Amino acid sequence: MNKVTKRIVYSALCIALATVTSLIKVYEFPFGGAITLCSMFFAALPGFFFGPATGLIAGVTYGILQFILGPYVLTPVQVLFDYPLAFGALGLSGLFSNQKYGLYTGYLVGCAGRWFFSFLSGFVFFAEYAWEGWNPVVYSAVYNIIYIAAEAAITVVVISIPSFRKMIQRVKDSANQ
C-alpha cells in the first residue's frame, strides 16, 4: 500500500472512530455542545500520526460529517465556525506530532483551537442565550470551555494509561511505515 493510500485509510478510520464516539454522549448541553466518549481525540489523531496538513484536512472532513449528521444552521458563517473551522482546529495536533509529549500537547492545542472557534460562534451568533446578568463574551467563553475542557480532561486521563499510550504509538508507527 502506498503512503498516500495509507494516510487516507488511517485518517478515514480515525474519522469513523470519532464519529461513532461522538454519538456516545456522557452529557449533552441544552444549547449545543456535548461531552462525548473521547471523540475529539480520535479526530485529532490524523494530525498526530501525519502532521498538520493531514490533520487539518481530516478535522475539516470530520466537521463536515458532524454537520451532515446533526446540522444547526443560523447563517453560513456560523456553520463555517461551528463545523469545519472548529473541528478542523483539532488537526493542529499535527504541529506537535514529533515532540516528546506531542500526543498530549497536540491534543490540548487542538482542543484549544476548537474552543476558540466555538467561543467566536457563541459570542457572535448565540449571545442572546447568555445567562441572565452575564456578558455575552464571558458567557460564550465559559459555556464552551465547560464541555470542551471536561472532555479534554477525561481524554487526558485515558491517554495517560501507559498501555493505551503505547498502543497509540504503535498505531502511529504502523501508519508511517
# chains A, B, ... in the order shown; residues from 1 in each chain; ligands from 1
call {"tool": "residues_around", "arguments": {"residues": "range 80-91 of chain A", "least_positions_apart": "2", "cutoff": "6 Å", "atoms": "only C-alpha atoms", "output": "short mmCIF file (atom, residue, chain, number, x, y, z; two decimals) with C-alpha atoms, in the first residue's frame"}}
result
data_model
loop_
_atom_site.label_atom_id
_atom_site.label_comp_id
_atom_site.auth_asym_id
_atom_site.auth_seq_id
_atom_site.Cartn_x
_atom_site.Cartn_y
_atom_site.Cartn_z
CA ALA A 44 -7.08 14.79 16.40
CA GLY A 47 -2.63 15.21 12.88
CA PRO A 52 -0.72 19.34 10.49
CA GLY A 55 -4.68 16.68 10.47
CA LEU A 56 -6.41 19.83 9.27
CA GLY A 59 -10.54 17.66 11.00
CA VAL A 60 -12.41 19.68 8.38
CA GLY A 63 -16.56 18.77 10.88
CA ILE A 64 -18.46 18.46 7.60
CA VAL A 77 -20.65 31.93 8.63
CA GLN A 78 -21.99 30.29 11.80
CA SER A 93 -2.40 18.37 16.92
CA GLY A 94 -0.06 17.75 13.99
CA GLY A 110 -6.37 21.11 19.05
CA GLY A 113 -8.47 25.69 18.69
CA ARG A 114 -11.87 24.05 18.77
CA PHE A 117 -13.98 28.84 17.09
CA SER A 118 -16.86 27.66 19.29
CA SER A 121 -19.54 31.43 17.19
#
call {"tool": "residues_around", "arguments": {"residues": "Ala175 in chain A", "least_positions_apart": "4", "cutoff": "9 Å", "atoms": "only C-alpha atoms", "output": "number ranges by chain"}}
result
A: 3, 6-7, 10, 49-50, 170-171
call {"tool": "write_last_selection", "arguments": {"atoms": "C-alpha atoms", "output": "short mmCIF file (atom, residue, chain, number, x, y, z; two decimals), in the first residue's frame"}}
result
data_model
loop_
_atom_site.label_atom_id
_atom_site.label_comp_id
_atom_site.auth_asym_id
_atom_site.auth_seq_id
_atom_site.Cartn_x
_atom_site.Cartn_y
_atom_site.Cartn_z
CA LYS A 3 1.90 6.18 1.65
CA LYS A 6 -2.24 4.55 3.89
CA ARG A 7 -2.80 8.14 5.14
CA TYR A 10 -5.83 5.64 8.67
CA PHE A 49 0.05 10.49 13.02
CA PHE A 50 0.85 12.50 9.89
CA ARG A 170 2.34 1.51 17.77
CA VAL A 171 -0.54 2.56 15.50
#
call {"tool": "atom_distance", "arguments": {"atom1": "CA of Tyr72 in chain A", "atom2": "CA of Phe31 in chain A"}}
result
10.7 Å
call {"tool": "closest_residue", "arguments": {"among": "A:Ser22, A:Gln66, A:Ser140, A:Ser174", "to": "Phe41 in chain A", "atoms": "only C-alpha atoms"}}
result
A:Ser22
call {"tool": "atom_distance", "arguments": {"atom1": "CA of Phe164 in chain A", "atom2": "CA of Ile35 in chain A"}}
result
20.4 Å
call {"tool": "closest_residue", "arguments": {"among": "A:Ile145, A:Val73, A:Ile68, A:Phe48", "to": "Gln99 in chain A", "atoms": "only C-alpha atoms"}}
result
A:Phe48
call {"tool": "select_by_dssp", "arguments": {"residues": "range 4-154 of chain A", "states": "strand (DSSP E or B)", "output": "list in words"}}
result
Lys25, Val26, Tyr27, Glu28, Ala34, Ile35 and Thr36 of chain A
call {"tool": "write_last_selection", "arguments": {"atoms": "C-alpha atoms", "output": "PDB file, in the first residue's frame"}}
result
ATOM      1  CA  LYS A  25     -22.690  11.358  24.897  1.00  0.00           C
ATOM      2  CA  VAL A  26     -21.718  11.470  28.544  1.00  0.00           C
ATOM      3  CA  TYR A  27     -23.647  14.736  28.846  1.00  0.00           C
ATOM      4  CA  GLU A  28     -25.362  16.929  26.267  1.00  0.00           C
ATOM      5  CA  ALA A  34     -21.640  17.700  24.492  1.00  0.00           C
ATOM      6  CA  ILE A  35     -19.124  15.714  26.456  1.00  0.00           C
ATOM      7  CA  THR A  36     -18.579  12.594  24.382  1.00  0.00           C
TER       8      THR A  36
END
call {"tool": "closest_residue", "arguments": {"among": "A:Lys172, A:Arg165, A:Leu108, A:Ala43", "to": "Ala149 in chain A", "atoms": "only C-alpha atoms"}}
result
A:Leu108
call {"tool": "residues_around", "arguments": {"residues": "Thr21 in chain A", "least_positions_apart": "3", "cutoff": "6 Å", "atoms": "only C-alpha atoms", "output": "JSON, numbers by chain"}}
result
{"A": [18, 24, 37, 39]}
call {"tool": "residues_around", "arguments": {"residues": "Pro46 in chain A", "least_positions_apart": "6", "cutoff": "7 Å", "atoms": "only C-alpha atoms", "output": "list in words"}}
result
Ser11, Cys14, Thr54, Gly55 and Ala58 of chain A
call {"tool": "write_last_selection", "arguments": {"atoms": "N, CA and C atoms", "output": "short mmCIF file (atom, residue, chain, number, x, y, z; two decimals), in the first residue's frame"}}
result
data_model
loop_
_atom_site.label_atom_id
_atom_site.label_comp_id
_atom_site.auth_asym_id
_atom_site.auth_seq_id
_atom_site.Cartn_x
_atom_site.Cartn_y
_atom_site.Cartn_z
N SER A 11 -6.65 7.90 8.27
CA SER A 11 -7.44 9.09 8.59
C SER A 11 -8.94 8.77 8.56
N CYS A 14 -9.83 6.96 11.69
CA CYS A 14 -9.91 7.90 12.83
C CYS A 14 -11.20 8.71 12.79
N THR A 54 -2.35 16.95 7.01
CA THR A 54 -3.30 15.84 7.02
C THR A 54 -4.30 16.01 8.16
N GLY A 55 -3.81 16.48 9.32
CA GLY A 55 -4.68 16.68 10.47
C GLY A 55 -5.77 17.70 10.20
N ALA A 58 -8.32 16.19 7.73
CA ALA A 58 -9.16 15.21 8.41
C ALA A 58 -10.13 15.90 9.36
#
